[in-house]
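To keep things clear, I will list the structure first and then write my remarks on it.
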Amino acid sequence: MTKKVLMKGNEAICEGAIAAGCQAYYGYPITPQNEIPAYMAKKMVELGRVFLQAESELAAINMVFGSAVAGVRAMTSSSSPGISLKQEGISYLVGCELPAVIVNVQRGGPGLGNISGSQGDYFQATKGGGHGDCRTIVLAPNSVQEMYDLTILAFDLAEKYRNPVTILTDGVLGQMLEPIIFLSEERRAKSEEREVKEWVLNGCKGREPRKIRSLLMAEGALEEHNWKLNEKYNKIKKNEVRYETHNLEDAEVVLVAFGIAARVGKGVMNTAREEGYKVGLIRPIILWPFPEKIISDTANRLRSIASSLRRSPAFLVVEMNLGQMLEDVKLAVNGKVPVEFYGRPGGGLVTQEEIFERIKNI
Amino acid sequence: MKKIFSRPQSLKETQHLYCPGCGHGIIHRIIAEVVDELNIRERTIGIAPVGCAVFAYDYWNFDVTEAAHGRPPAVATGIKRVLPDRIVFTYQGDGDLAAIGTAEIIHAANRGERITVIFINNACYGMTGGQMAPTTILGQKTLTTPFGRDATRDGYPLKVCELLSSLEGAVYLERTAVNSPKNALRTKKAIKKAFQVQLNHLGFSLVEVLSQCPVIWHLEPVEACKWVEEVMAKTFPLGVFKDTNKHE
């Protein structure tokens, strides 16, 4: 029996974390994600797990670091300015190869910005999330169901690769109410059984003492470590590309969008199709690693049909920022066809009407 | 013949990189002895600072993790909350604890985290070459106070034990020194008590240890030991600042 439950996006993340066996949550109030610490404050305590409202986002990420060192699934959440505070901690998690889940419910920026949903932290998330050659896997849900499903995936990926994973969502999805289906009890129990890892610090009973650190001062040691991390990143790039496509076979304008912008993009694609415009959509579900191949392959197809069309086929990147994923799309397209942009920064929301106008003007 | 003295099991044979006359060597050993005597080596997890003791995980023979500068109390919280029966302690210098880490130490103490903090006060930033620390004495010359610490420009030495003593969650706070055998023994007693506070789940415990730093202070080791007593201890008096013996 698949029961559907009406949930708010932010709360679906909490349920996903609980289903994934998250044992510790550390958070701090910041709009538009306050539902997350509030929900976890109740649920985690009821379940006998750990909840703590930390003194800052900075303290919270370091508490996650501690729980990760202890071998436990841990999560923190915040919004844009709070995520900036966490970057030091994220870099340490990467350097020490520790699993962790970080949720960013994006708001308008830069600076204090506003509290409206935005997609302005794409660079921050995908180009590292911290100093150094730092990578986090970045998941971009676009529905409340995905807020739940991708949170579960986030914990699994974090542990699989011993790397932090970012869930990059926004204030609109966080507040949205949609019916979702929960993981079955059987699958939930399975996700809770895990072996103790061989690098965990839990007291050296029955084994040699261990250390966890990212400081490598010996000649060549840090470079070697970075190459090793690079191998890991390459493995992730090979195995964890995830995206969704619609109507690419005959598309002449291909929308590329993630998260809430992709929800709007899907609507405008359907509307445009009804009016005879051949619009398709590529929705990256995982932003890092970026789905270069599908975009590159699509660019090849668009180039091959270009001479037979009145107007040049093109990509139209739609995002709620000044053009961030745009750069990755351009890199993947590599000059084969035009890459256009439509965006609304600072908490502005993209609309179907505006996107459709833009499509008509390509 | 009975063996009555040896290297503690909790101290590795690795050679320290500390300066001659530095207090870290003495305090590392004291902690190792305490851990051995309390028989907690196999369930102890230490958190190293960013500072001269950044490589502490190479010296102690139990689990030790790195932490970002100032964040050990938060990392300790993250470990202790999920592994409440392990003994978790941080080892921090004055930059780590009293400058960048002030929020973390106050809130860990305020929450009464059942952790132990060993705070090493040498009135300067040693590792980075001798800059002013929050605990630098008025008039003391450092790399960033070349004319001497001036209250109007640089503020006053920060007294951590006094500061934390107003917090209900902090149940045991003592300041000691290691500039003499008598003081070193007192330090050992204090550190042992601090670990016992944790073993008995009573709350947050901290021992602040005035530690000689001959190289940065530009003093011979023996003079450095005297400076702790004659100058430092005037600003940072030794003694117990909190001992509430709260029971749950």
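Naming scheme: A, B, ... for chains in displayed order of the structure tokens; residues 1 onward per chain; ligands 1 onward as shown.
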Which residues, written as a CSV table (one decimal) with N, CA and C atoms, in the first residue's frame, have at least one atom at most 10 Å from segment 225-231 of chain B, with only C-alpha atoms counted and residues fewer than 6 positions away on the same chain left out?
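Result went into out23.csv, see below:
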```
chain,number,residue,atom,x,y,z
B,21,GLY,N,62.6,23.3,26.4
B,21,GLY,CA,62.0,24.1,27.4
B,21,GLY,C,60.5,24.4,27.3
B,22,CYS,N,59.9,23.9,26.2
B,22,CYS,CA,58.5,24.1,26.0
B,22,CYS,C,57.7,23.3,27.0
B,23,GLY,N,56.6,23.9,27.4
B,23,GLY,CA,55.7,23.1,28.3
B,23,GLY,C,54.9,22.0,27.7
B,122,ASN,N,50.3,30.2,26.7
B,122,ASN,CA,51.7,30.7,26.6
B,122,ASN,C,51.8,32.1,26.2
B,123,ALA,N,50.7,32.9,26.4
B,123,ALA,CA,50.6,34.3,26.2
B,123,ALA,C,51.1,34.8,24.8
B,137,ILE,N,50.3,39.5,27.9
B,137,ILE,CA,50.3,40.4,29.0
B,137,ILE,C,50.4,41.9,28.6
B,177,ALA,N,50.1,25.5,36.4
B,177,ALA,CA,51.3,25.8,35.6
B,177,ALA,C,52.2,24.6,35.7
B,178,VAL,N,53.2,24.6,34.8
B,178,VAL,CA,54.2,23.5,34.8
B,178,VAL,C,55.6,24.0,34.9
B,179,ASN,N,55.8,25.1,35.6
B,179,ASN,CA,57.1,25.7,35.6
B,179,ASN,C,57.9,25.2,36.8
B,180,SER,N,57.4,24.3,37.5
B,180,SER,CA,58.2,23.7,38.6
B,180,SER,C,57.6,22.3,38.9
B,210,LEU,N,49.4,27.4,32.4
B,210,LEU,CA,50.3,28.4,32.0
B,210,LEU,C,51.6,27.6,31.5
B,211,SER,N,52.0,27.8,30.3
B,211,SER,CA,53.1,27.0,29.8
B,211,SER,C,54.2,27.8,29.3
B,212,GLN,N,55.4,27.5,29.7
B,212,GLN,CA,56.6,28.3,29.3
B,212,GLN,C,56.9,28.1,27.8
B,213,CYS,N,57.3,29.2,27.2
B,213,CYS,CA,57.6,29.3,25.7
B,213,CYS,C,58.9,30.1,25.5
B,214,PRO,N,60.0,29.4,25.9
B,214,PRO,CA,61.3,30.2,25.9
B,214,PRO,C,61.7,30.9,24.6
B,217,TRP,N,59.4,33.9,23.9
B,217,TRP,CA,59.6,34.9,25.0
B,217,TRP,C,61.0,35.5,25.0
B,219,LEU,N,63.6,34.1,26.2
B,219,LEU,CA,64.1,33.8,27.6
B,219,LEU,C,64.8,32.5,27.6
B,237,PRO,N,46.2,34.4,37.8
B,237,PRO,CA,46.4,33.7,39.1
B,237,PRO,C,46.1,32.2,39.0
B,238,LEU,N,46.9,31.4,39.6
B,238,LEU,CA,46.6,30.0,39.7
B,238,LEU,C,45.5,29.7,40.7
```
Set the cut-off to 8 Å and count only C-alpha atoms: what are the residues of chain B that reach chain A? Output as a PyMOL selection string. chain B and resi 41-45+57+61-68+71+74-79+81-83+86+103-104+107
At a cut-off of 12 Å, using only C-alpha atoms, what residues contact segment 107-116 of chain A? Leave out same-chain residues fewer than 5 positions from it and give the result as a ChimeraX atom specification. /A:30-34,78-85,121-122,124,168-175,320-322,344-349
Taking the chain letters and numbering used in this document, name the residues of segment 97-131 of chain A that DSSP puts in helix (DSSP H, G or I), as a list of chain:residue names. A:Tyr122, A:Phe123, A:Gln124, A:Ala125, A:Thr126
Set the distance at 6 Å and use only C-alpha atoms: which residues neighbour segment 184-192 of chain B once local chain neighbours fewer than 3 positions away are removed? I'd like the list as a PyMOL selection string. chain B and resi 30+34+176+178+181+195
Could you give me, as a PyMOL selection string, the residues within 12 Å of segment 146-155 of chain B, counting only C-alpha atoms and dropping anything in the same chain fewer than 4 positions from it? chain B and resi 123-124+130-142
Save the residues we just selected, N, CA and C atoms, as a JSON list (two decimals), in the first residue's frame?
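So out_12.json came out as:
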```
[["chain", "number", "residue", "atom", "x", "y", "z"],
["B", 123, "ALA", "N", 50.67, 32.86, 26.37],
["B", 123, "ALA", "CA", 50.65, 34.31, 26.16],
["B", 123, "ALA", "C", 51.15, 34.77, 24.79],
["B", 124, "CYS", "N", 51.06, 33.88, 23.79],
["B", 124, "CYS", "CA", 51.45, 34.30, 22.44],
["B", 124, "CYS", "C", 51.00, 33.25, 21.44],
["B", 130, "GLY", "N", 55.05, 34.08, 16.90],
["B", 130, "GLY", "CA", 55.08, 34.92, 18.10],
["B", 130, "GLY", "C", 54.23, 36.17, 18.06],
["B", 131, "GLN", "N", 53.05, 36.07, 17.46],
["B", 131, "GLN", "CA", 52.15, 37.24, 17.45],
["B", 131, "GLN", "C", 51.44, 37.36, 18.80],
["B", 132, "MET", "N", 50.79, 38.51, 18.97],
["B", 132, "MET", "CA", 49.98, 38.72, 20.17],
["B", 132, "MET", "C", 48.84, 37.70, 20.21],
["B", 133, "ALA", "N", 48.58, 37.23, 21.40],
["B", 133, "ALA", "CA", 47.44, 36.36, 21.63],
["B", 133, "ALA", "C", 46.48, 37.12, 22.53],
["B", 134, "PRO", "N", 45.23, 36.66, 22.63],
["B", 134, "PRO", "CA", 44.34, 37.32, 23.59],
["B", 134, "PRO", "C", 44.91, 37.32, 25.00],
["B", 135, "THR", "N", 45.79, 36.37, 25.29],
["B", 135, "THR", "CA", 46.34, 36.23, 26.63],
["B", 135, "THR", "C", 47.68, 36.94, 26.81],
["B", 136, "THR", "N", 48.14, 37.66, 25.80],
["B", 136, "THR", "CA", 49.41, 38.40, 25.93],
["B", 136, "THR", "C", 49.27, 39.43, 27.04],
["B", 137, "ILE", "N", 50.31, 39.54, 27.87],
["B", 137, "ILE", "CA", 50.27, 40.44, 29.02],
["B", 137, "ILE", "C", 50.44, 41.89, 28.56],
["B", 138, "LEU", "N", 49.87, 42.83, 29.28],
["B", 138, "LEU", "CA", 50.07, 44.24, 28.95],
["B", 138, "LEU", "C", 51.57, 44.56, 29.01],
["B", 139, "GLY", "N", 52.02, 45.27, 27.98],
["B", 139, "GLY", "CA", 53.44, 45.63, 27.92],
["B", 139, "GLY", "C", 54.31, 44.57, 27.26],
["B", 140, "GLN", "N", 53.75, 43.36, 27.06],
["B", 140, "GLN", "CA", 54.55, 42.28, 26.49],
["B", 140, "GLN", "C", 54.81, 42.56, 25.00],
["B", 141, "LYS", "N", 56.06, 42.39, 24.58],
["B", 141, "LYS", "CA", 56.40, 42.62, 23.18],
["B", 141, "LYS", "C", 56.21, 41.32, 22.42],
["B", 142, "THR", "N", 55.49, 41.42, 21.29],
["B", 142, "THR", "CA", 55.33, 40.26, 20.42],
["B", 142, "THR", "C", 55.52, 40.75, 18.99]]
```
Contacts of Ile167 of chain A at 6 Å or less, counting only C-alpha atoms, minus same-chain residues fewer than 5 places along, as a VMD selection string? chain A and resid 103 138 to 139
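Residues in contact range of Gly93 of chain B, defined as at most 10 Å between only C-alpha atoms, with sequence neighbours fewer than 5 positions away removed, read Ala48, Pro49, Val50, Gly51, Cys52, Ala53, Val54, His69, Gly70, Ala98, Ala99, Ile118, Phe119, Ile120, Asn121, Asn122, Ala123, Cys124, Tyr125, Gly126, Ala133, Glu208, Val209 and Ser211 of chain B.
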